[in-house]
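K.L.:
One file: coords-v6.tsv (TSV, C-alpha atoms).
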```tsv
chain	number	residue	atom	x	y	z
E	26	GLY	CA	0.00	0.00	0.00
E	27	GLU	CA	0.85	3.68	-0.03
E	28	ASN	CA	3.78	4.70	2.16
E	29	VAL	CA	4.29	8.34	3.18
E	30	GLU	CA	7.49	9.51	4.81
E	31	GLN	CA	7.80	12.97	6.34
E	32	HIS	CA	10.96	14.80	7.37
E	33	PRO	CA	12.13	16.30	9.59
E	34	SER	CA	10.22	15.17	12.66
E	35	THR	CA	11.16	18.38	14.47
E	36	LEU	CA	12.26	21.73	13.11
E	37	SER	CA	13.32	24.82	15.00
E	38	VAL	CA	13.78	28.14	13.20
E	39	GLN	CA	14.24	31.76	14.14
E	40	GLU	CA	11.38	34.13	13.53
E	41	GLY	CA	11.63	35.50	10.01
E	42	ASP	CA	13.49	32.50	8.63
E	43	SER	CA	12.02	30.01	6.17
E	44	ALA	CA	10.94	26.47	7.01
E	45	VAL	CA	10.72	23.53	4.63
E	46	ILE	CA	9.07	20.18	5.34
E	47	LYS	CA	9.35	17.32	2.86
E	48	CYS	CA	7.24	14.25	2.19
E	49	THR	CA	7.78	11.33	-0.13
E	50	TYR	CA	5.19	8.82	-1.27
E	51	SER	CA	5.26	5.50	-3.06
E	52	ASP	CA	2.13	5.26	-5.23
E	53	SER	CA	2.67	7.11	-8.50
E	54	ALA	CA	-1.10	7.17	-9.10
E	55	SER	CA	-1.72	9.40	-6.06
E	56	ASN	CA	-3.37	12.62	-7.15
E	57	TYR	CA	-4.10	14.85	-4.17
E	58	PHE	CA	-1.65	16.19	-1.59
E	59	PRO	CA	-2.97	18.27	1.32
E	60	TRP	CA	-1.10	19.76	4.26
E	61	TYR	CA	-2.72	20.03	7.68
E	62	LYS	CA	-1.62	22.18	10.61
E	63	GLN	CA	-2.40	21.21	14.18
E	64	GLU	CA	-1.77	23.83	16.83
E	65	LEU	CA	-1.35	22.69	20.41
E	66	GLY	CA	-4.65	21.48	21.81
E	67	LYS	CA	-6.54	22.21	18.60
E	68	ARG	CA	-7.84	20.22	15.67
E	69	PRO	CA	-5.92	19.59	12.44
E	70	GLN	CA	-6.84	22.16	9.80
E	71	LEU	CA	-6.13	22.21	6.09
E	72	ILE	CA	-3.71	25.00	5.19
E	73	ILE	CA	-2.91	24.25	1.56
E	74	ASP	CA	-3.32	21.45	-0.96
E	75	ILE	CA	-2.13	20.59	-4.43
E	76	ARG	CA	-3.35	18.26	-7.14
E	77	SER	CA	-1.22	16.14	-9.39
E	78	ASN	CA	-1.71	18.32	-12.46
E	79	VAL	CA	-0.04	21.28	-10.75
E	80	GLY	CA	3.63	21.69	-9.83
E	81	GLU	CA	3.40	24.54	-7.36
E	82	LYS	CA	0.79	26.44	-5.42
E	83	LYS	CA	1.22	29.49	-3.23
E	84	ASP	CA	-0.96	31.19	-0.64
E	85	GLN	CA	0.67	34.22	0.96
E	86	ARG	CA	3.60	32.92	3.05
E	87	ILE	CA	2.83	29.27	2.38
E	88	ALA	CA	3.67	27.30	-0.74
E	89	VAL	CA	3.64	23.67	-1.76
E	90	THR	CA	5.71	22.14	-4.54
E	91	LEU	CA	5.12	18.75	-6.12
E	92	ASN	CA	7.59	16.62	-8.05
E	93	LYS	CA	5.61	13.74	-9.50
E	94	THR	CA	8.60	12.11	-11.12
E	95	ALA	CA	10.48	11.89	-7.86
E	96	LYS	CA	7.27	11.34	-5.87
E	97	HIS	CA	7.87	14.00	-3.31
E	98	PHE	CA	6.23	17.25	-2.26
E	99	SER	CA	7.25	19.98	0.12
E	100	LEU	CA	5.71	22.67	2.28
E	101	HIS	CA	7.51	26.00	2.33
E	102	ILE	CA	6.79	28.67	4.93
E	103	THR	CA	8.52	32.00	4.47
E	104	GLU	CA	8.97	34.81	7.01
E	105	THR	CA	7.98	32.48	9.84
E	106	GLN	CA	6.14	33.88	12.83
E	107	PRO	CA	5.63	32.45	16.34
E	108	GLU	CA	2.02	31.60	15.44
E	109	ASP	CA	3.34	29.22	12.78
E	110	SER	CA	4.51	26.96	15.62
E	111	ALA	CA	2.49	23.73	15.34
E	112	VAL	CA	2.60	20.16	14.10
E	113	TYR	CA	2.33	19.92	10.33
E	114	PHE	CA	1.07	16.78	8.60
E	115	CYS	CA	1.36	15.96	4.94
E	116	ALA	CA	-1.10	13.54	3.40
E	117	VAL	CA	-1.58	11.68	0.15
E	118	TYR	CA	-4.78	10.56	-1.53
E	119	GLY	CA	-5.59	8.45	-4.53
E	120	GLY	CA	-4.01	5.64	-6.44
E	121	ALA	CA	-4.70	2.18	-5.11
E	122	THR	CA	-6.20	3.42	-1.86
E	123	ASN	CA	-9.05	5.90	-1.85
E	124	LYS	CA	-8.25	7.36	1.54
E	125	LEU	CA	-5.90	9.91	3.05
E	126	ILE	CA	-2.57	8.49	4.14
E	127	PHE	CA	-0.79	10.84	6.53
E	128	GLY	CA	2.84	11.41	7.31
E	129	THR	CA	4.11	11.20	10.88
E	130	GLY	CA	4.08	14.96	11.41
E	131	THR	CA	6.67	17.69	11.87
E	132	LEU	CA	6.80	19.74	15.03
E	133	LEU	CA	7.77	23.25	13.96
E	134	ALA	CA	8.97	25.67	16.62
E	135	VAL	CA	9.49	29.29	15.64
E	136	GLN	CA	11.73	31.04	18.13
E	137	PRO	CA	10.95	34.76	18.64
Y	10	GLU	CA	-22.18	26.90	11.39
Y	11	ALA	CA	-20.83	24.48	13.99
Y	12	GLY	CA	-17.78	22.45	13.12
Y	13	VAL	CA	-17.21	18.78	13.76
Y	14	THR	CA	-17.70	17.95	17.42
Y	15	GLN	CA	-16.51	14.97	19.40
Y	16	PHE	CA	-17.37	13.63	22.82
Y	17	PRO	CA	-15.80	13.10	25.23
Y	18	SER	CA	-12.65	15.16	24.91
Y	19	HIS	CA	-10.80	12.83	27.25
Y	20	SER	CA	-11.45	9.33	28.51
Y	21	VAL	CA	-9.42	7.29	30.94
Y	22	ILE	CA	-10.48	3.67	31.31
Y	23	GLU	CA	-9.01	0.44	32.57
Y	24	LYS	CA	-7.99	-2.42	30.37
Y	25	GLY	CA	-10.99	-4.61	29.65
Y	26	GLN	CA	-13.55	-1.84	29.95
Y	27	THR	CA	-15.72	-0.45	27.18
Y	28	VAL	CA	-15.66	3.06	25.79
Y	29	THR	CA	-17.87	4.73	23.22
Y	30	LEU	CA	-16.73	7.79	21.34
Y	31	ARG	CA	-19.15	10.05	19.52
Y	32	CYS	CA	-18.72	12.27	16.49
Y	33	ASP	CA	-21.15	14.84	15.13
Y	34	PRO	CA	-20.12	15.88	11.62
Y	35	ILE	CA	-20.87	19.17	9.94
Y	36	SER	CA	-24.51	19.20	8.92
Y	37	GLY	CA	-24.97	18.03	5.35
Y	38	HIS	CA	-21.64	16.23	5.11
Y	39	ASP	CA	-22.26	12.71	3.85
Y	40	ASN	CA	-18.67	11.59	4.34
Y	41	LEU	CA	-17.50	10.80	7.84
Y	42	TYR	CA	-14.06	9.45	8.70
Y	43	TRP	CA	-12.45	8.07	11.83
Y	44	TYR	CA	-8.72	8.34	12.41
Y	45	ARG	CA	-6.38	7.54	15.27
Y	46	ARG	CA	-3.05	9.03	16.22
Y	47	VAL	CA	-0.79	7.16	18.57
Y	48	MET	CA	1.80	9.44	20.17
Y	49	GLY	CA	4.51	10.45	17.74
Y	50	LYS	CA	3.09	8.53	14.82
Y	51	GLU	CA	0.95	9.30	11.82
Y	52	ILE	CA	-2.74	10.07	11.80
Y	53	LYS	CA	-3.98	6.66	10.74
Y	54	PHE	CA	-7.18	6.01	8.83
Y	55	LEU	CA	-9.69	3.72	10.53
Y	56	LEU	CA	-12.83	3.88	8.41
Y	57	HIS	CA	-15.05	5.91	6.12
Y	58	PHE	CA	-18.83	6.25	6.09
Y	59	VAL	CA	-20.87	7.58	3.22
Y	60	LYS	CA	-24.14	8.46	4.86
Y	61	GLU	CA	-24.96	5.39	6.94
Y	62	SER	CA	-22.94	2.93	4.88
Y	63	LYS	CA	-19.39	1.81	5.61
Y	64	GLN	CA	-17.47	2.67	2.47
Y	65	ASP	CA	-14.10	1.47	3.71
Y	66	GLU	CA	-13.25	-0.08	7.06
Y	67	SER	CA	-9.87	-1.45	6.10
Y	68	GLY	CA	-8.11	0.51	8.83
Y	69	MET	CA	-10.04	-0.90	11.76
Y	70	PRO	CA	-7.46	-2.67	13.94
Y	71	ASN	CA	-9.56	-5.68	14.95
Y	72	ASN	CA	-13.04	-6.78	15.91
Y	73	ARG	CA	-12.87	-5.03	19.27
Y	74	PHE	CA	-13.68	-1.83	17.36
Y	75	LEU	CA	-17.22	-1.20	16.15
Y	76	ALA	CA	-18.34	1.92	14.33
Y	77	GLU	CA	-21.89	2.88	13.55
Y	78	ARG	CA	-23.63	5.74	11.87
Y	79	THR	CA	-27.32	5.09	12.21
Y	80	GLY	CA	-29.43	7.46	10.15
Y	81	GLY	CA	-26.38	8.90	8.47
Y	82	THR	CA	-25.90	11.69	11.00
Y	83	TYR	CA	-23.66	11.25	14.04
Y	84	SER	CA	-21.32	8.30	14.43
Y	85	THR	CA	-20.10	6.26	17.37
Y	86	LEU	CA	-16.93	4.25	17.75
Y	87	LYS	CA	-17.00	1.61	20.45
Y	88	VAL	CA	-13.96	-0.18	21.79
Y	89	GLN	CA	-14.80	-3.36	23.67
Y	90	PRO	CA	-12.82	-4.62	25.51
Y	91	ALA	CA	-10.16	-1.90	25.52
Y	92	GLU	CA	-6.48	-2.85	25.48
Y	93	LEU	CA	-3.43	-0.77	26.39
Y	94	GLU	CA	-2.45	-0.33	22.75
Y	95	ASP	CA	-5.76	1.36	22.01
Y	96	SER	CA	-4.54	4.51	23.74
Y	97	GLY	CA	-4.24	7.50	21.46
Y	98	VAL	CA	-6.18	10.42	20.07
Y	99	TYR	CA	-9.20	9.50	17.99
Y	100	PHE	CA	-10.17	12.05	15.38
Y	101	CYS	CA	-13.33	12.28	13.39
Y	102	ALA	CA	-13.53	14.24	10.15
Y	103	SER	CA	-16.28	15.02	7.68
Y	104	SER	CA	-16.43	16.27	4.13
Y	105	GLN	CA	-18.86	16.98	1.34
Y	106	ASP	CA	-16.68	15.80	-1.50
Y	107	LEU	CA	-17.78	12.33	-2.57
Y	108	ALA	CA	-14.66	11.86	-4.66
Y	109	GLY	CA	-12.52	12.13	-1.57
Y	110	VAL	CA	-10.39	14.88	-3.02
Y	111	GLY	CA	-11.05	17.92	-0.96
Y	112	GLU	CA	-10.88	19.33	2.51
Y	113	GLN	CA	-11.73	17.13	5.42
Y	114	TYR	CA	-12.89	19.03	8.49
Y	115	PHE	CA	-11.53	17.54	11.66
Y	116	GLY	CA	-13.02	17.42	15.10
Y	117	PRO	CA	-10.95	18.26	18.19
Y	118	GLY	CA	-10.32	14.60	18.92
Y	119	THR	CA	-10.91	12.31	21.88
Y	120	ARG	CA	-7.83	11.45	23.89
Y	121	LEU	CA	-8.25	7.86	25.07
Y	122	THR	CA	-6.00	6.49	27.77
Y	123	VAL	CA	-6.23	2.81	28.66
Y	124	THR	CA	-4.50	1.91	31.92
```
For the file at hand, write its structure as structure tokens.

P.N.:
Amino acid sequence: GENVEQHPSTLSVQEGDSAVIKCTYSDSASNYFPWYKQELGKRPQLIIDIRSNVGEKKDQRIAVTLNKTAKHFSLHITETQPEDSAVYFCAVYGGATNKLIFGTGTLLAVQP
Amino acid sequence: EAGVTQFPSHSVIEKGQTVTLRCDPISGHDNLYWYRRVMGKEIKFLLHFVKESKQDESGMPNNRFLAERTGGTYSTLKVQPAELEDSGVYFCASSQDLAGVGEQYFGPGTRLTVT
């Protein structure tokens, strides 16, 4: 079945720096790649997603890039702020399994 | 509009006991999902309802877990009897998109601790 690997597991950056989180997947037929953010004590919330017919998508300080050939996608956060501190999960949908398969999460800490 | 709600927020039970978790999806969302996150690991799919029907229950760990969604509204997830390894945070999510490609709205989760 689909296998999703997410790195790093923890990431600490200084306020204003950029943060990059990477995920790789195994099923080349996967076609939808969302990113969820879970702040401490809160529910996971979708922050950005990308479909397999698009290579990059940007929303203000957040961007996602997809490399279908290499089967990996990345979340980029620029000009990080303390409120960006949270656990970020990548997920993959489609292919042989019609369900969301999540990565193990990245704990991002933005130091003021 | 209210989001996805889950009850209880926390539950501490002893091994061998029974616990029932409840999820109320966003009104009008036919798709309802259950997930579980064990500490430090991925959010793992358990099952998917479309209205009252189980579309996919391939992620259910074993027959100690029973999910229902009578009437296609709220859903319950019962664990009977609970084991230590069942501890974790159980999330419910709902969505409108029947194709599965689209935002899933998560509830706040139920933290289950089995001692």

K.L.:
Do you know which residues are at most 7 Å from Cys115 in chain E counting only C-alpha atoms, after dropping those on the same chain fewer than 6 positions away, and could you put them as a PyMOL selection string?

P.N.:
chain E and resi 48+59-61+127-128

K.L.:
When you get a sec, could you note down which chain Y residues fall within 6 Å of chain E, using only C-alpha atoms, as a list in words?

P.N.:
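Result, ordered by chain then number: Lys50, Glu51, Ile52, Gly116 and Pro117 of chain Y.
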
K.L.:
Counting all atoms listed in the file, which of E:Leu100, E:Leu65, E:Ala95, E:Val38 gets nearest to Lys82 in chain E?

P.N.:
E:Leu100

K.L.:
I want to know what sits within 9 Å of Asp52 in chain E, based on all atoms listed in the file, with residues of the same chain fewer than 5 positions away left out; could you give that as a list in words?

P.N.:
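After dropping sequence-adjacent residues, the list is Gly26, Glu27, Asn28, Lys96, Gly119, Gly120 and Ala121 of chain E.
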
K.L.:
Quote the spacing between CA of Thr103 in chain E and CA of Ser51 in chain E in Å to one decimal place.

P.N.:
27.7 Å

K.L.:
Using all atoms listed in the file, which protein or nucleic acid residues come within 8 Å of Ala91 in chain Y? Drop anything in the same chain fewer than 6 positions from it, and give the result as a list in words.

P.N.:
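Answer for this query is Glu23, Lys24, Gly25, Gln26, Thr27, Val28, Arg73 and Val123 of chain Y.
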